[in-house]
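Here the structure comes first, spelled out in structure tokens, and everything after it is commentary.
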Number of protein chains: 2
Amino acid sequence: MHITPRFVDLLALYRAELLERVVPFWLAHAIDWPNGGILTCISDEGQVLSTDKYMWSQLRAIWTFSALYNKIEARQEWLDVARHIFDFAKKYGRDEQGQWVFCVNQAGRILQGATSIYADGFAIYGLTEFARATGDPEAIDLALATYENVQRRLARPGSYHTEPYPLPAGVKAHGISMIFAHVFDELGHFLNNQEIIQAAFIHAMEIMNVFRRRSNRNLIYEFVNLDGSLIDSPQGRAIVPGHAIESMWFMIHFFQKLGDGVHTEWAIKTIKRHVELGWDEEYGGLLLSVDAAGGTPWWKFADSKIWWPHTEALYALLLAYDLSHEDWCLDWFAKVHNYAFSHYPVTPYGEWTQKLDRQGRKFTETVALPVKDPFHLPRALIYCIEVLQRLADKAPGVIAAV
Amino acid sequence: MHITPRFVDLLALYRAELLERVVPFWLAHAIDWPNGGILTCISDEGQVLSTDKYMWSQLRAIWTFSALYNKIEARQEWLDVARHIFDFAKKYGRDEQGQWVFCVNQAGRILQGATSIYADGFAIYGLTEFARATGDPEAIDLALATYENVQRRLARPGSYHTEPYPLPAGVKAHGISMIFAHVFDELGHFLNNQEIIQAAFIHAMEIMNVFRRRSNRNLIYEFVNLDGSLIDSPQGRAIVPGHAIESMWFMIHFFQKLGDGVHTEWAIKTIKRHVELGWDEEYGGLLLSVDAAGGTPWWKFADSKIWWPHTEALYALLLAYDLSHEDWCLDWFAKVHNYAFSHYPVTPYGEWTQKLDRQGRKFTETVALPVKDPFHLPRALIYCIEVLQRLADKAPGVIAAV
């Protein structure tokens, strides 16, 4: 059945998905009230599969529950959850060098140390959003300390690890510039700290001028040599469309704050490029990875249909439409929406399954981490709700385009 | 843009239309707290155009606010409104013979007496739903007194008036059997009163066996001779598809309670017949009236696109699908939904405009009464929400059909 929606109808639909299904799933199954933090090795049916606590997930969950409070509605219940996880992370999250660790057990004892600087990125992210909700000076101090710590390590390639995606020597990763461009943007603008905004700018320029190759119609390469040259190998040709799309809405957020329309426009074009590149015309959905030269992709599970590229694309496409008013944004939004909502939601539990093969069948092998955490899906829904509210106010009728 | 919804998505959409737009419109603009009752001569923008109070609208509004409380959520605010209008109607609504009057002024003084037995029908309807919410013995007594009064008058054709559709001598109207079949059904089953259920049954049989003509593929004639024969005149050939469709969901409600699958099936076929007959292939939307023989319709504004045939069809089609699981129900539902939601909602005020011409342009001449009242639209939304909830529980995925 096909419905021609108004933006206000999509708004109702996305609000219901977030508030009646996704958030209740996490509140019902995951908050570890006796031991602190949140359980994130959890099945689609809400069963706890392991009590290991990946710090990355704790920190992302702080972001999500704080953002619900900041961006959707100031419900005390959500802030209480954010603080509960914040308290756990603050107590058990860092090693003696002030680096965020990778995994702790249910009680908070370290199982795996600081093997991923991505955890530090998510720390800055979660702490900033929590500070926005609470003004908590401890959260701000911890975010700033993490920023200083991370900057020292980032200045020395090889001094840090990047689990779950180890980085070969002499290579730099789009993922690093991407996360730090975004979390420095968030922290820098929250504190109105020009040094941190400048640090975000440097990473944003890396993304737009080094990882993005205009010569190859705006492809975003996941890995390049330290000097910025392309790597002529399967790994060097790895494109992850969902990652590129997520990166581009990070860029749009950043460049919009700077009033930089030119880079915003490039980011929008780059979103289009990767949705088109990643779309599987045969089975629908976005492929996890493709080879830039059309060869066999190097990435594991390259032809799988993972939930997060779809949630990232949903928001990126709505945001691109809000800024460009170009019909292709809504055309692609509808395609991604229809694929996602017909494949990922798990009734009656309310969260989305994460991993489908190319044909859309569920599989259980671990793709990145053995976790299911409240992040990509609720974050995309939160941001979609924000942009749909703006669009509904501007354009009340049915969406004629396409 | 086309979205492939799940029932749960339609549920969110219909809930938002009812609870975020339609009900707030009435609460903001229409409740006459100082004088009692509700103002229902009101513009799409919420401006009060006249303080005359058509009793029919008061009584329907009692139904709506009581049904919100009974069927959507037990919000005290809604029950307070229902009681506020009930108090006004109880005090000023009837003449010395216990007949419900047609129109009073803002303070409750009669402007037009008992010129429409339809008002009595809506009295039974509103009072029953209010009694369901409150158990109020006064409401039950008043509903029963109205039932007795109406039955005496209905037994003597010519003894009662039928504003706004006067009835020629020797003619009986589908509208009369339709309203009393439904409101006797509601009152009879609420009180478990077999006499009243039997009275509903008699009217239901009139509809199914007299006004509905199997020989003309289930057409429902609005007027027939008292002996049940067809009237060979333009008025006699008048078909009002929206009315027939509304009548058929009344029938389904009734026959489902009786466990009568055969009549339910006929009612479903009759819905299909009238949606097909009424649909304007050229401009979209349901025509108000057509001539059974394909001639020039007798009905005023026959080619207009009035809101209520669409709201009635939305519910009738979902209900038909819930019972039959036949794809045509959803096919037509989507067509009617897309026409209705792209033509009637008035942003940012939240209610629907009522009268469009064949091409979909708003017009202002009075079609039946110069009122806008909280009835057809919220009632359809309330019932759609009920059936969508059932369908969502049974079929969680996207709606593949059609």
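Chain labels A, B, ... are given in the sequence in which chains occur in the structure tokens; within each chain residues are numbered consecutively from 1, and ligands are likewise numbered from 1 in the order shown.
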Check your understanding: Could you write out, as a PyMOL selection string, all the residues of range 152-327 of chain A that DSSP marks as alpha helix (DSSP H)?
Key -> chain A and resi 152-154+174-191+194-206+241-257+261-278+307-324+327
Sort by chain and increasing residue number a table of all residues of chain B within 6 Å of chain A, each with its closest pair of atoms and their distance in Å to one decimal, counting only C-alpha atoms, and write it as CSV.
residue,atom,partner,partner_atom,distance
B:Met1,CA,A:Val402,CA,5.3
B:His2,CA,A:Thr4,CA,4.9
B:Ile3,CA,A:Ile3,CA,5.2
B:Thr4,CA,A:His2,CA,4.9
B:Asp9,CA,A:Leu13,CA,5.3
B:Ala12,CA,A:Leu13,CA,5.5
B:Leu13,CA,A:Asp9,CA,5.3
B:Asn338,CA,A:Thr4,CA,5.8
B:Ser342,CA,A:Val398,CA,5.5
B:Val398,CA,A:Ser342,CA,5.5
B:Ile399,CA,A:Met1,CA,5.6
B:Ala401,CA,A:Met1,CA,5.7
B:Val402,CA,A:Met1,CA,5.3
Could those residues be written to a file, using all heavy atoms, as a JSON list (two decimals), in the first residue's frame?
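selection_6.json written:
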[["chain", "number", "residue", "atom", "x", "y", "z"],
["B", 1, "MET", "N", 5.45, 11.98, -2.88],
["B", 1, "MET", "CA", 6.25, 10.93, -2.25],
["B", 1, "MET", "C", 5.35, 9.79, -1.78],
["B", 1, "MET", "O", 4.26, 10.03, -1.28],
["B", 1, "MET", "CB", 6.99, 11.49, -1.02],
["B", 1, "MET", "CG", 7.93, 10.49, -0.40],
["B", 1, "MET", "SD", 8.23, 10.81, 1.34],
["B", 1, "MET", "CE", 9.35, 12.17, 1.23],
["B", 2, "HIS", "N", 5.81, 8.57, -1.98],
["B", 2, "HIS", "CA", 5.01, 7.42, -1.55],
["B", 2, "HIS", "C", 5.73, 6.66, -0.45],
["B", 2, "HIS", "O", 6.90, 6.33, -0.58],
["B", 2, "HIS", "CB", 4.76, 6.47, -2.72],
["B", 2, "HIS", "CG", 4.03, 7.12, -3.84],
["B", 2, "HIS", "ND1", 2.77, 7.65, -3.68],
["B", 2, "HIS", "CD2", 4.38, 7.34, -5.12],
["B", 2, "HIS", "CE1", 2.38, 8.18, -4.83],
["B", 2, "HIS", "NE2", 3.34, 8.01, -5.73],
["B", 3, "ILE", "N", 4.99, 6.39, 0.60],
["B", 3, "ILE", "CA", 5.52, 5.61, 1.71],
["B", 3, "ILE", "C", 4.71, 4.32, 1.80],
["B", 3, "ILE", "O", 3.50, 4.33, 1.62],
["B", 3, "ILE", "CB", 5.36, 6.43, 3.02],
["B", 3, "ILE", "CG1", 6.32, 7.61, 3.02],
["B", 3, "ILE", "CG2", 5.56, 5.57, 4.25],
["B", 3, "ILE", "CD1", 7.78, 7.24, 3.10],
["B", 4, "THR", "N", 5.40, 3.23, 2.05],
["B", 4, "THR", "CA", 4.73, 1.95, 2.28],
["B", 4, "THR", "C", 4.59, 1.79, 3.79],
["B", 4, "THR", "O", 5.56, 1.48, 4.46],
["B", 4, "THR", "CB", 5.57, 0.79, 1.72],
["B", 4, "THR", "OG1", 5.93, 1.10, 0.38],
["B", 4, "THR", "CG2", 4.80, -0.51, 1.74],
["B", 9, "ASP", "N", 2.17, 2.46, 11.61],
["B", 9, "ASP", "CA", 2.48, 3.80, 11.12],
["B", 9, "ASP", "C", 1.20, 4.59, 10.86],
["B", 9, "ASP", "O", 1.10, 5.77, 11.20],
["B", 9, "ASP", "CB", 3.31, 3.73, 9.84],
["B", 9, "ASP", "CG", 4.66, 3.07, 10.06],
["B", 9, "ASP", "OD1", 5.23, 3.24, 11.15],
["B", 9, "ASP", "OD2", 5.14, 2.38, 9.14],
["B", 12, "ALA", "N", -0.14, 5.74, 14.11],
["B", 12, "ALA", "CA", 0.52, 6.95, 14.62],
["B", 12, "ALA", "C", 0.00, 8.19, 13.90],
["B", 12, "ALA", "O", -0.25, 9.23, 14.51],
["B", 12, "ALA", "CB", 2.04, 6.83, 14.45],
["B", 13, "LEU", "N", -0.18, 8.04, 12.59],
["B", 13, "LEU", "CA", -0.64, 9.15, 11.77],
["B", 13, "LEU", "C", -2.07, 9.57, 12.16],
["B", 13, "LEU", "O", -2.36, 10.75, 12.33],
["B", 13, "LEU", "CB", -0.57, 8.65, 10.33],
["B", 13, "LEU", "CG", -0.65, 9.57, 9.15],
["B", 13, "LEU", "CD1", -0.16, 8.81, 7.92],
["B", 13, "LEU", "CD2", -2.05, 10.05, 8.93],
["B", 338, "ASN", "N", -5.37, 9.32, 0.54],
["B", 338, "ASN", "CA", -4.50, 10.27, -0.16],
["B", 338, "ASN", "C", -5.29, 11.48, -0.65],
["B", 338, "ASN", "O", -4.81, 12.61, -0.58],
["B", 338, "ASN", "CB", -3.77, 9.57, -1.31],
["B", 338, "ASN", "CG", -2.70, 8.62, -0.79],
["B", 338, "ASN", "OD1", -2.21, 8.78, 0.33],
["B", 338, "ASN", "ND2", -2.35, 7.62, -1.57],
["B", 342, "SER", "N", -4.76, 15.17, 1.35],
["B", 342, "SER", "CA", -4.16, 16.21, 0.51],
["B", 342, "SER", "C", -5.15, 17.34, 0.23],
["B", 342, "SER", "O", -4.77, 18.35, -0.35],
["B", 342, "SER", "CB", -3.65, 15.61, -0.81],
["B", 342, "SER", "OG", -4.72, 15.08, -1.55],
["B", 398, "VAL", "N", 5.02, -4.18, 6.94],
["B", 398, "VAL", "CA", 4.46, -3.20, 6.01],
["B", 398, "VAL", "C", 3.29, -3.85, 5.29],
["B", 398, "VAL", "O", 3.20, -5.06, 5.17],
["B", 398, "VAL", "CB", 5.49, -2.68, 4.98],
["B", 398, "VAL", "CG1", 6.61, -1.94, 5.68],
["B", 398, "VAL", "CG2", 6.01, -3.80, 4.11],
["B", 399, "ILE", "N", 2.39, -2.98, 4.83],
["B", 399, "ILE", "CA", 1.17, -3.47, 4.21],
["B", 399, "ILE", "C", 1.49, -3.80, 2.77],
["B", 399, "ILE", "O", 1.59, -2.91, 1.92],
["B", 399, "ILE", "CB", 0.05, -2.43, 4.34],
["B", 399, "ILE", "CG1", -0.10, -2.03, 5.83],
["B", 399, "ILE", "CG2", -1.25, -2.98, 3.80],
["B", 399, "ILE", "CD1", -0.93, -0.79, 6.06],
["B", 401, "ALA", "N", -0.13, -5.54, 0.53],
["B", 401, "ALA", "CA", -1.21, -5.58, -0.46],
["B", 401, "ALA", "C", -1.22, -4.34, -1.33],
["B", 401, "ALA", "O", -0.96, -3.24, -0.86],
["B", 401, "ALA", "CB", -2.55, -5.72, 0.26],
["B", 402, "VAL", "N", -1.55, -4.53, -2.58],
["B", 402, "VAL", "CA", -1.80, -3.46, -3.54],
["B", 402, "VAL", "C", -0.52, -2.72, -3.90],
["B", 402, "VAL", "O", -0.06, -1.88, -3.16],
["B", 402, "VAL", "CB", -2.84, -2.45, -3.01],
["B", 402, "VAL", "CG1", -3.25, -1.56, -4.15],
["B", 402, "VAL", "CG2", -4.02, -3.17, -2.43]]
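Ranking A:Ile176, A:Gly108, A:Lys90, A:Leu317 by their shortest atom-to-atom distance to Lys269 in chain A, with only C-alpha atoms included, puts A:Leu317 first.
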**Study point:** Spatial neighbours of range 371-385 of chain A, max dist 9 Å, only C-alpha atoms, sep filter under 6 positions, as number ranges by chain
**Key:** A: 10-12, 14-15, 17-18, 22-23, 26, 38-44, 54, 57-58, 60-61, 63-65, 67-68, 71-72, 307-309, 311-316, 318-319, 351-354
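You can rank A:Lys300, A:Trp56, A:Val150, A:Ala169 by their closest distance to Ala123 in chain A using only C-alpha atoms, and at the top of that list sits A:Trp56.
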